[in-house]
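What follows is a set of notes on a single structure, which appears directly below.
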Amino acid sequence: MKKKKSLVLIITVLVLATLCFTGCGNNDKQTDSPEAGAKKFSGTTLNVLLPPWYEFSPAMLDDFTKETGIKVDLQIMDWDPCLDKIVTSNAAGVAPADVTVMNWDWVGKFGAAGWCEPLNNHFDDDFFEDITTRSLFKYKDQYIAIPIYNDFRVTYINKDYFKKAGIERMPTTPDELMQDAITIKEKGVCEYPLLVPFTATGATTTPWYLLTKAYGGELLSETNEPLFASKDSAGYKAMEFLIKGLKDYQVIDPASIGWKGTDVVDNFKAGQGAIDIAGWAGNVSLYTNPKESKIVDSVQVIKVPGQNGKSRTYGLQEGLSVPAKSKNKEAAVEFIRWLNTPENVEKLFIDKGIFPNHHSTIVKLANEGKLPGGQTMVEVLPTIESLFPQGVPEWNMEFETETFTTMNQMAKGAMTLDQGMNHLADTVKKLNQSKP
Amino acid sequence: MKINRTLLPYILIAPLFILLVLLTFYPLLLTIFNSLQSLNLGRPDDIRFVGLANYIELMTDPAVLNAMRNSVQYFILSVSIEILGGIVIALSLRNKFRGRAIILGIVILPWALPPVVNSIVWKWIYDPSYGLLNDVLIKLGMIDHFHVWLGDPHFSLVWVALVHIWKMMPLISIIMLAQLQTIPAELYEAARIDGANSLQSFRHITLPLLKPALIIALTLGTVSAFHLFDEVYVLTGTSLDTRSIMVQDYLIAFRELKYSMGMALSLIITIVILALTWFYNQLGKEARV
């Protein structure tokens with residue numbers, strides 16, 4: 001009898017203990033808030049490597065340090081050098097930082113190379129559920145980055161320049177847009193109304209990709225064959241728009257041959273241009289910020305003018321990843337979690353123009369009237385497409401490099417439009433052939 | 001304890017030898033081995049022996065051939081101007097004069113600057129909207145509108161090369177100057193007594209006795225011209241008309257993630273540099289004979 005009692009007692013204790021530990025385990029994953037992990041990593045210094053639009057204010061980072069005891073050493077680099085550092089460090093088996101930026105089209109290569117810490121176990125399902133763009137950062141059922149910037153493109157207009165040139169309505173097609181730019185130039189309102197980069201770096205590709213969608217087409221077919229070689233294709237018309245804008249109509253500054261994406265933003269907000277055709281969605285808050293911009297009252301966001309008035313755009317989401325070789329993975333996760341709290345997501349949008357991925361935040365901002373150009377943004381959001389509906393080709397990084405190099409050559413006059421487009425089409429064919 | 005005299009030299013060079021094996025020979029052998037594989041981080045599961053396939057593909061790739069052509073142009077432009085300019089600067093600084101030390105310090109400054117800093121400074125100078133070069137030339141009446149210097153496909157390579165020359169010429173000048181100062185003044189004295197003019201003295205005394213420094217300068221100039229990366233990358237990115245072979249190698253290895261091919265190209269560059277260095281050494285030997 002005594003033995004039986006002891007056995008029952010032991011089993012009861014074991015069951016309770018198991019339940020208790022299981023509960024604790026679940027709790028760990030479900031509600032691991034910054035407060036819960038507070039001071040757990042106190043004294044850790046976190047290296048964070050990000051491009052310029054993530055230059056968080058020291059006050060914001062101090063708040064994080066106060067909450068968690070973790071110091072943040074924020075390293076800001078331009079987009080291409082950032083990619084260079086991430087790739088070269090990872091390739092050498094060294095963490096480039098504890099937290100790095102991750103672009104939507106790097107996922108395949110970085111995932112295959114095993115450079116990123118899978119983040120599924122660090123965040124609960126509810127967290128991912130609220131992030132509409134989460135699937136873009138999934139590699140083989142593992143989230144290798146947490147979306148941070150819900151980047152998609154809209155067109156920004158300096159309506160004062162339009163009015164001065166006698167243009168009352170906003171352009172709804174690419175041809176109207178070009179005609180407006182020509183009018184603004186001819187009327188002497190602005191020498192180079194259309195702002196586009198042409199340097200041999202990544203940002204140069206975006207206006208072409210976007211205009212290809214705007215002209216109603218795609219870059220590649222279902223089987224990744226080039227769709228832009230023929231003269232009646234959307235891709236060809238899009239490139240013709242850009243090259244003619246630079247060479248024939250001269251509505252694009254020849255200095256753009258040396259411009260990066262951020263140069264376009266700097267020029268537009270300084271009032272040195274009338275149209276930012278492929279503007280970052282988040283820049284709406286930057287252009288309307290009196291501390292940053294000279295065009296606060298004259299900027300207007302419109303949908304990207306499209307063929308027959310049908311606007312299209314695509315997403316260029318960015319995320320935050322933790323390199324597999326980082327020695328501070330847990331602290332890095334704490335930082336990402338902290339950035340994703342609703343108040344910080346909102347703050348990042350209002351202060352830095354980092355457009356949120358969290359559905360709940362977008363709805364809240366729109367309802368509270370904190371989303372400048374709100375109606376346009378709300379209309380555009382459900383229409384954001386993938387650049388490659390058929391899936392990102394594994395050779396996309398090579399294609400992108402070849403694209404901006406070729407566009408740079410065409411802008412300089414070292415290649416004609418036809419030569420450039422044929423070269424790009426040949427490049428895609430070769431890349432397809434090089435598949436294993 | 002007395003160390004065997006025949007053993008001592010080996011003991012003394014052992015640390016250096018071990019370092020060389022670890023840091024030079026082992027990585028070199030590994031690079032040669034990997035260049036014959038299909039190591040591609042985009043396809044980590046597909047690693048196999050491919051023999052000379054990477055080398056053959058590189059030698060027929062138009063982008064590689066274009067970059068190699070650009071690098072040869074950088075080499076010819078920069079080495080010739082650096083050597084000529086270096087000799088002129090060294091000759092001007094050869095004799096002692098008031099303020100010589102300050103001028104020497106200023107001359108060496110560009111070489112002391114990190115190449116990326118150097119390139120950023122020059123990017124501002126070349127800037128088409130607010131650059132110093134456009135401003136100065138307009139004020140001098142030499143141009144009537146601002147030029148996009150780095151946007152000209154025919155001359156952008158020259159502008160990039162000039163930045164590299166600006167950095168390297170001080171070093172070449174100092175090497176030449178050091179050698180010039182070893183030439184005994186009596187030789188020039190004797191030549192003058194024999195009726196030789198300055199040009200004859202330069203041709204028959206200075207130039208032959210400068211040859212050891214010339215070989216060193218040629219080698220350094222060649223290595224740095226073929227290793228040109230920072231200036232090109234900062235000033236013009238991956239632009240085709242200025243892309244050097246090192247930038248091409250970087251793109252293959254770190255953008256396309258084709259490691260084996262990147263290693264193969266780095267070995268080709270090494271062979272080219274070694275061949276040129278051997279040629280200079282032969283020239284030096286002939287001069288000594």
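Chain identifiers are assigned as A, B, and so on, following the order in which chains appear in the structure tokens; residues are numbered from 1 within each chain, and ligands are numbered from 1 in order of appearance.
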(message) Only residues of chain B matter here; which ones have an atom within 12 Å of chain A, counting only C-alpha atoms? Give them as a PyMOL selection string.
(response) chain B and resi 38-47+57+61-63+123-124+126-131+146-156+230+232-243+247-248+250-259
(message) Would you pick out the contacts of A:Lys310 at 12 Å or less, using only C-alpha atoms, so that residues sharing its chain but fewer than 4 positions from it are not included, and give the list as a ChimeraX atom specification?
(response) /A:171-174,211,213-217,303-306,380,383
Could the residues in this selection be saved with N, CA and C atoms as a PDB file, in the first residue's frame?
ATOM      1  N   PRO A 171      -0.010  62.406 -64.804  1.00  0.00           N
ATOM      2  CA  PRO A 171       0.130  61.421 -65.889  1.00  0.00           C
ATOM      3  C   PRO A 171      -0.377  60.036 -65.479  1.00  0.00           C
ATOM      4  N   THR A 172      -0.996  59.362 -66.410  1.00  0.00           N
ATOM      5  CA  THR A 172      -1.505  58.011 -66.103  1.00  0.00           C
ATOM      6  C   THR A 172      -0.856  56.948 -66.995  1.00  0.00           C
ATOM      7  N   THR A 173      -0.118  57.383 -68.020  1.00  0.00           N
ATOM      8  CA  THR A 173       0.588  56.400 -68.867  1.00  0.00           C
ATOM      9  C   THR A 173       2.057  56.838 -68.979  1.00  0.00           C
ATOM     10  N   PRO A 174       2.971  55.903 -69.333  1.00  0.00           N
ATOM     11  CA  PRO A 174       4.374  56.287 -69.486  1.00  0.00           C
ATOM     12  C   PRO A 174       4.577  57.366 -70.554  1.00  0.00           C
ATOM     13  N   LEU A 211       9.265  49.826 -65.238  1.00  0.00           N
ATOM     14  CA  LEU A 211       8.610  50.291 -66.472  1.00  0.00           C
ATOM     15  C   LEU A 211       8.190  49.118 -67.359  1.00  0.00           C
ATOM     16  N   LYS A 213       6.951  46.369 -66.267  1.00  0.00           N
ATOM     17  CA  LYS A 213       5.622  46.040 -65.718  1.00  0.00           C
ATOM     18  C   LYS A 213       4.612  47.105 -66.158  1.00  0.00           C
ATOM     19  N   ALA A 214       5.041  48.384 -66.067  1.00  0.00           N
ATOM     20  CA  ALA A 214       4.129  49.485 -66.403  1.00  0.00           C
ATOM     21  C   ALA A 214       3.666  49.405 -67.858  1.00  0.00           C
ATOM     22  N   TYR A 215       4.561  48.946 -68.730  1.00  0.00           N
ATOM     23  CA  TYR A 215       4.177  48.799 -70.144  1.00  0.00           C
ATOM     24  C   TYR A 215       3.387  47.500 -70.376  1.00  0.00           C
ATOM     25  N   GLY A 216       3.059  46.834 -69.304  1.00  0.00           N
ATOM     26  CA  GLY A 216       2.154  45.682 -69.384  1.00  0.00           C
ATOM     27  C   GLY A 216       2.821  44.352 -69.664  1.00  0.00           C
ATOM     28  N   GLY A 217       4.107  44.241 -69.412  1.00  0.00           N
ATOM     29  CA  GLY A 217       4.779  42.976 -69.716  1.00  0.00           C
ATOM     30  C   GLY A 217       5.562  42.409 -68.549  1.00  0.00           C
ATOM     31  N   LYS A 303       0.199  56.631 -58.534  1.00  0.00           N
ATOM     32  CA  LYS A 303       0.478  55.251 -58.940  1.00  0.00           C
ATOM     33  C   LYS A 303       1.385  55.292 -60.166  1.00  0.00           C
ATOM     34  N   VAL A 304       2.239  54.292 -60.300  1.00  0.00           N
ATOM     35  CA  VAL A 304       3.162  54.268 -61.446  1.00  0.00           C
ATOM     36  C   VAL A 304       2.345  54.307 -62.737  1.00  0.00           C
ATOM     37  N   PRO A 305       2.543  55.331 -63.582  1.00  0.00           N
ATOM     38  CA  PRO A 305       1.763  55.394 -64.819  1.00  0.00           C
ATOM     39  C   PRO A 305       1.979  54.136 -65.672  1.00  0.00           C
ATOM     40  N   GLY A 306       0.890  53.536 -66.093  1.00  0.00           N
ATOM     41  CA  GLY A 306       1.001  52.278 -66.845  1.00  0.00           C
ATOM     42  C   GLY A 306       0.319  52.338 -68.190  1.00  0.00           C
ATOM     43  N   VAL A 380      -2.570  50.891 -53.891  1.00  0.00           N
ATOM     44  CA  VAL A 380      -1.448  50.188 -54.524  1.00  0.00           C
ATOM     45  C   VAL A 380      -1.122  48.879 -53.792  1.00  0.00           C
ATOM     46  N   THR A 383      -2.022  45.499 -55.014  1.00  0.00           N
ATOM     47  CA  THR A 383      -1.641  45.210 -56.408  1.00  0.00           C
ATOM     48  C   THR A 383      -0.155  44.924 -56.565  1.00  0.00           C
TER      49      THR A 383
END
(request) Would you kindly return, as a PyMOL selection string, each protein, DNA or RNA residue with an atom no farther than 10 Å from any atom of B:Gln181, considering only C-alpha atoms and excluding same-chain residues fewer than 6 positions away? (result) chain B and resi 90-91+94-95
Output for the residues just chosen: N, CA and C atoms as a compact mmCIF listing (two decimals), in the first residue's frame:
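Result saved to out.txt:
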# COMPACT_ATOMS: atom_id res chain seq x y z
N ALA B 90 62.33 62.84 -59.39
CA ALA B 90 63.57 62.48 -58.66
C ALA B 90 64.71 63.42 -59.06
N LEU B 91 64.80 63.73 -60.37
CA LEU B 91 65.88 64.62 -60.83
C LEU B 91 65.70 66.03 -60.24
N ARG B 94 66.79 66.02 -56.61
CA ARG B 94 68.09 65.40 -56.35
C ARG B 94 69.02 66.33 -55.55
N ASN B 95 69.11 67.58 -55.99
CA ASN B 95 70.01 68.51 -55.31
C ASN B 95 69.32 69.14 -54.11
(request) Please report, as a ChimeraX atom specification, each residue of stretch 119-279 of chain B to which DSSP assigns alpha helix (DSSP H) when run on this structure's backbone. (result) /B:119-126,132-139,156-180,185-193,198-201,207-226,230-236,245-250,259-279
Would you save the residues of that selection, restricted to C-alpha atoms, as a compact mmCIF listing (two decimals), in the first residue's frame?
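Output saved as part29.txt:
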# COMPACT_ATOMS: atom_id res chain seq x y z
CA SER B 119 39.40 57.48 -55.05
CA ILE B 120 36.61 59.24 -53.14
CA VAL B 121 38.59 62.51 -53.24
CA TRP B 122 38.99 62.12 -57.01
CA LYS B 123 35.35 61.18 -57.46
CA TRP B 124 34.49 64.58 -56.01
CA ILE B 125 37.07 66.27 -58.24
CA TYR B 126 35.56 64.59 -61.34
CA LEU B 132 36.64 70.93 -58.92
CA LEU B 133 37.97 69.90 -62.34
CA ASN B 134 34.97 71.29 -64.24
CA ASP B 135 35.04 74.45 -62.14
CA VAL B 136 38.73 75.13 -62.71
CA LEU B 137 38.59 74.39 -66.46
CA ILE B 138 35.55 76.63 -66.91
CA LYS B 139 37.25 79.47 -65.01
CA SER B 156 36.97 57.24 -68.62
CA LEU B 157 39.75 54.62 -68.44
CA VAL B 158 42.33 57.40 -68.75
CA TRP B 159 40.72 59.37 -65.88
CA VAL B 160 40.75 56.28 -63.68
CA ALA B 161 44.36 55.53 -64.66
CA LEU B 162 45.37 59.09 -63.72
CA VAL B 163 44.05 58.56 -60.20
CA HIS B 164 46.15 55.41 -59.91
CA ILE B 165 49.20 57.19 -61.33
CA TRP B 166 48.72 60.05 -58.86
CA LYS B 167 48.91 57.50 -56.06
CA MET B 168 51.81 55.42 -57.37
CA MET B 169 54.12 58.08 -58.79
CA PRO B 170 55.39 59.28 -55.38
CA LEU B 171 56.65 55.80 -54.53
CA ILE B 172 58.38 55.44 -57.90
CA SER B 173 59.92 58.90 -57.45
CA ILE B 174 61.33 58.00 -54.04
CA ILE B 175 62.82 54.74 -55.40
CA MET B 176 64.44 56.67 -58.26
CA LEU B 177 65.65 59.40 -55.92
CA ALA B 178 67.28 56.86 -53.59
CA GLN B 179 69.13 55.33 -56.54
CA LEU B 180 70.12 58.73 -57.97
CA ALA B 185 79.17 63.17 -58.24
CA GLU B 186 82.70 62.55 -59.63
CA LEU B 187 81.22 60.78 -62.64
CA TYR B 188 79.31 63.91 -63.66
CA GLU B 189 82.40 66.02 -62.90
CA ALA B 190 84.54 63.86 -65.21
CA ALA B 191 81.89 63.93 -67.92
CA ARG B 192 81.68 67.70 -67.73
CA ILE B 193 85.47 68.00 -68.05
CA SER B 198 73.43 67.53 -69.51
CA LEU B 199 71.57 65.31 -71.95
CA GLN B 200 74.69 63.23 -72.65
CA SER B 201 75.38 62.91 -68.90
CA LEU B 207 70.12 56.17 -67.07
CA PRO B 208 72.49 53.15 -66.99
CA LEU B 209 73.07 53.55 -63.26
CA LEU B 210 69.31 53.95 -62.62
CA LYS B 211 68.59 50.54 -64.14
CA PRO B 212 68.39 48.58 -60.84
CA ALA B 213 65.82 51.09 -59.55
CA LEU B 214 64.03 51.01 -62.89
CA ILE B 215 63.61 47.23 -62.65
CA ILE B 216 62.15 47.57 -59.14
CA ALA B 217 59.88 50.44 -60.24
CA LEU B 218 58.73 48.51 -63.32
CA THR B 219 57.91 45.47 -61.20
CA LEU B 220 56.02 47.49 -58.59
CA GLY B 221 54.18 49.49 -61.26
CA THR B 222 53.20 46.33 -63.12
CA VAL B 223 51.95 44.52 -60.03
CA SER B 224 49.90 47.52 -58.89
CA ALA B 225 48.47 48.13 -62.38
CA PHE B 226 47.25 44.55 -62.70
CA ASP B 230 39.72 50.22 -55.45
CA GLU B 231 40.07 53.15 -57.82
CA VAL B 232 38.05 51.45 -60.56
CA TYR B 233 35.34 50.21 -58.22
CA VAL B 234 34.88 53.50 -56.36
CA LEU B 235 34.99 55.72 -59.45
CA THR B 236 32.99 53.73 -61.99
CA ILE B 245 40.70 42.21 -64.48
CA MET B 246 40.60 42.31 -60.67
CA VAL B 247 37.07 43.73 -60.69
CA GLN B 248 36.09 41.00 -63.16
CA ASP B 249 37.64 38.39 -60.87
CA TYR B 250 35.73 39.85 -57.94
CA TYR B 259 34.76 30.28 -56.62
CA SER B 260 36.71 27.85 -58.77
CA MET B 261 36.51 30.13 -61.76
CA GLY B 262 37.52 33.10 -59.62
CA MET B 263 40.55 31.18 -58.41
CA ALA B 264 41.45 30.17 -61.96
CA LEU B 265 41.34 33.81 -63.05
CA SER B 266 43.46 34.91 -60.10
CA LEU B 267 46.05 32.31 -61.14
CA ILE B 268 46.00 33.58 -64.73
CA ILE B 269 46.64 37.12 -63.43
CA THR B 270 49.49 35.80 -61.27
CA ILE B 271 51.07 34.05 -64.27
CA VAL B 272 50.87 37.25 -66.37
CA ILE B 273 52.52 39.27 -63.60
CA LEU B 274 55.21 36.62 -63.05
CA ALA B 275 55.98 36.51 -66.77
CA LEU B 276 56.41 40.29 -66.91
CA THR B 277 58.54 40.29 -63.76
CA TRP B 278 60.76 37.57 -65.26
CA PHE B 279 61.11 39.68 -68.40
(message) Can you pull out every residue from stretch 73-272 of chain A that DSSP, working from the backbone, puts in strand (DSSP E), and format the result as number ranges by chain?
(response) A: 73-76, 99-103, 138-139, 142-143, 146-149, 153-158, 194-195
(request) For A:Gly315, please output as a PyMOL selection string all residues within 12 Å (counting only C-alpha atoms; exclusion window: fewer than 3 positions along the same chain). (result) chain A and resi 103-105+132-133+136+147+149-154+206+209-210+213+278-281+312+318+355+357+380-389
Write a file of the selected residues as an mmCIF file, in the first residue's frame, keeping N, CA and C atoms.
data_model
loop_
_atom_site.group_PDB
_atom_site.id
_atom_site.type_symbol
_atom_site.label_atom_id
_atom_site.label_comp_id
_atom_site.auth_asym_id
_atom_site.auth_seq_id
_atom_site.Cartn_x
_atom_site.Cartn_y
_atom_site.Cartn_z
ATOM 1 N N ASN A 103 18.228 40.923 -49.000
ATOM 2 C CA ASN A 103 17.309 41.319 -50.066
ATOM 3 C C ASN A 103 16.477 40.114 -50.490
ATOM 4 N N TRP A 104 15.288 40.397 -51.007
ATOM 5 C CA TRP A 104 14.383 39.305 -51.396
ATOM 6 C C TRP A 104 15.006 38.373 -52.428
ATOM 7 N N ASP A 105 15.880 38.917 -53.303
ATOM 8 C CA ASP A 105 16.408 38.059 -54.356
ATOM 9 C C ASP A 105 17.762 37.420 -53.989
ATOM 10 N N THR A 132 2.871 40.239 -43.979
ATOM 11 C CA THR A 132 2.295 39.795 -45.245
ATOM 12 C C THR A 132 3.344 39.289 -46.234
ATOM 13 N N THR A 133 4.581 39.723 -46.083
ATOM 14 C CA THR A 133 5.615 39.399 -47.080
ATOM 15 C C THR A 133 6.560 38.298 -46.611
ATOM 16 N N LEU A 136 8.592 35.503 -48.788
ATOM 17 C CA LEU A 136 9.723 35.857 -49.660
ATOM 18 C C LEU A 136 11.062 35.484 -49.038
ATOM 19 N N PRO A 147 11.240 40.051 -42.515
ATOM 20 C CA PRO A 147 11.031 41.251 -43.334
ATOM 21 C C PRO A 147 11.072 42.522 -42.478
ATOM 22 N N TYR A 149 11.527 45.942 -44.453
ATOM 23 C CA TYR A 149 11.136 47.042 -45.331
ATOM 24 C C TYR A 149 10.232 46.498 -46.418
ATOM 25 N N ASN A 150 8.977 46.909 -46.347
ATOM 26 C CA ASN A 150 8.018 46.478 -47.359
ATOM 27 C C ASN A 150 8.144 47.429 -48.551
ATOM 28 N N ASP A 151 9.230 47.288 -49.264
ATOM 29 C CA ASP A 151 9.516 48.243 -50.329
ATOM 30 C C ASP A 151 8.768 47.883 -51.609
ATOM 31 N N PHE A 152 8.075 48.828 -52.140
ATOM 32 C CA PHE A 152 7.503 48.710 -53.479
ATOM 33 C C PHE A 152 7.597 50.105 -54.087
ATOM 34 N N ARG A 153 7.365 50.193 -55.364
ATOM 35 C CA ARG A 153 7.644 51.466 -56.021
ATOM 36 C C ARG A 153 6.371 52.214 -56.414
ATOM 37 N N VAL A 154 6.432 53.516 -56.197
ATOM 38 C CA VAL A 154 5.374 54.425 -56.633
ATOM 39 C C VAL A 154 6.065 55.580 -57.370
ATOM 40 N N THR A 206 16.201 49.084 -61.363
ATOM 41 C CA THR A 206 14.816 49.194 -60.877
ATOM 42 C C THR A 206 13.875 49.940 -61.839
ATOM 43 N N TYR A 209 13.010 47.580 -64.713
ATOM 44 C CA TYR A 209 12.131 46.482 -64.277
ATOM 45 C C TYR A 209 10.704 47.017 -64.072
ATOM 46 N N LEU A 210 10.610 48.181 -63.402
ATOM 47 C CA LEU A 210 9.296 48.731 -63.068
ATOM 48 C C LEU A 210 8.543 49.154 -64.334
ATOM 49 N N LYS A 213 6.951 46.369 -66.267
ATOM 50 C CA LYS A 213 5.622 46.040 -65.718
ATOM 51 C C LYS A 213 4.612 47.105 -66.158
ATOM 52 N N ALA A 278 10.525 55.829 -60.098
ATOM 53 C CA ALA A 278 10.518 54.546 -59.377
ATOM 54 C C ALA A 278 10.879 54.797 -57.918
ATOM 55 N N GLY A 279 10.092 55.659 -57.277
ATOM 56 C CA GLY A 279 10.405 56.043 -55.896
ATOM 57 C C GLY A 279 10.047 54.966 -54.879
ATOM 58 N N TRP A 280 10.853 54.887 -53.834
ATOM 59 C CA TRP A 280 10.566 53.928 -52.761
ATOM 60 C C TRP A 280 9.293 54.364 -52.055
ATOM 61 N N ALA A 281 8.425 53.408 -51.779
ATOM 62 C CA ALA A 281 7.155 53.728 -51.125
ATOM 63 C C ALA A 281 7.389 54.471 -49.801
ATOM 64 N N ARG A 312 0.962 49.293 -62.575
ATOM 65 C CA ARG A 312 1.506 48.051 -61.975
ATOM 66 C C ARG A 312 2.759 48.413 -61.193
ATOM 67 N N GLU A 318 12.955 43.947 -48.175
ATOM 68 C CA GLU A 318 14.229 43.714 -47.493
ATOM 69 C C GLU A 318 13.947 43.138 -46.112
ATOM 70 N N PHE A 355 8.820 51.419 -44.886
ATOM 71 C CA PHE A 355 7.414 51.041 -45.008
ATOM 72 C C PHE A 355 7.174 49.702 -44.306
ATOM 73 N N ASN A 357 5.860 46.038 -42.861
ATOM 74 C CA ASN A 357 5.390 44.760 -43.396
ATOM 75 C C ASN A 357 4.201 44.252 -42.590
ATOM 76 N N VAL A 380 -2.570 50.891 -53.891
ATOM 77 C CA VAL A 380 -1.448 50.188 -54.524
ATOM 78 C C VAL A 380 -1.122 48.879 -53.792
ATOM 79 N N LEU A 381 -1.232 48.900 -52.464
ATOM 80 C CA LEU A 381 -0.793 47.751 -51.664
ATOM 81 C C LEU A 381 -1.295 46.384 -52.172
ATOM 82 N N PRO A 382 -2.592 46.239 -52.442
ATOM 83 C CA PRO A 382 -3.029 44.896 -52.871
ATOM 84 C C PRO A 382 -2.562 44.513 -54.275
ATOM 85 N N THR A 383 -2.022 45.499 -55.014
ATOM 86 C CA THR A 383 -1.641 45.210 -56.408
ATOM 87 C C THR A 383 -0.155 44.924 -56.565
ATOM 88 N N ILE A 384 0.590 44.914 -55.449
ATOM 89 C CA ILE A 384 2.040 44.684 -55.563
ATOM 90 C C ILE A 384 2.282 43.278 -56.116
ATOM 91 N N GLU A 385 3.124 43.230 -57.164
ATOM 92 C CA GLU A 385 3.399 41.937 -57.789
ATOM 93 C C GLU A 385 4.823 41.510 -57.489
ATOM 94 N N SER A 386 5.109 40.274 -57.808
ATOM 95 C CA SER A 386 6.487 39.803 -57.735
ATOM 96 C C SER A 386 7.161 40.161 -59.058
ATOM 97 N N LEU A 387 8.421 40.531 -59.006
ATOM 98 C CA LEU A 387 9.125 40.846 -60.254
ATOM 99 C C LEU A 387 9.176 39.602 -61.146
ATOM 100 N N PHE A 388 9.357 38.470 -60.514
ATOM 101 C CA PHE A 388 9.418 37.206 -61.263
ATOM 102 C C PHE A 388 8.279 36.299 -60.789
ATOM 103 N N PRO A 389 7.093 36.413 -61.421
ATOM 104 C CA PRO A 389 5.967 35.596 -60.951
ATOM 105 C C PRO A 389 6.272 34.103 -61.031
#
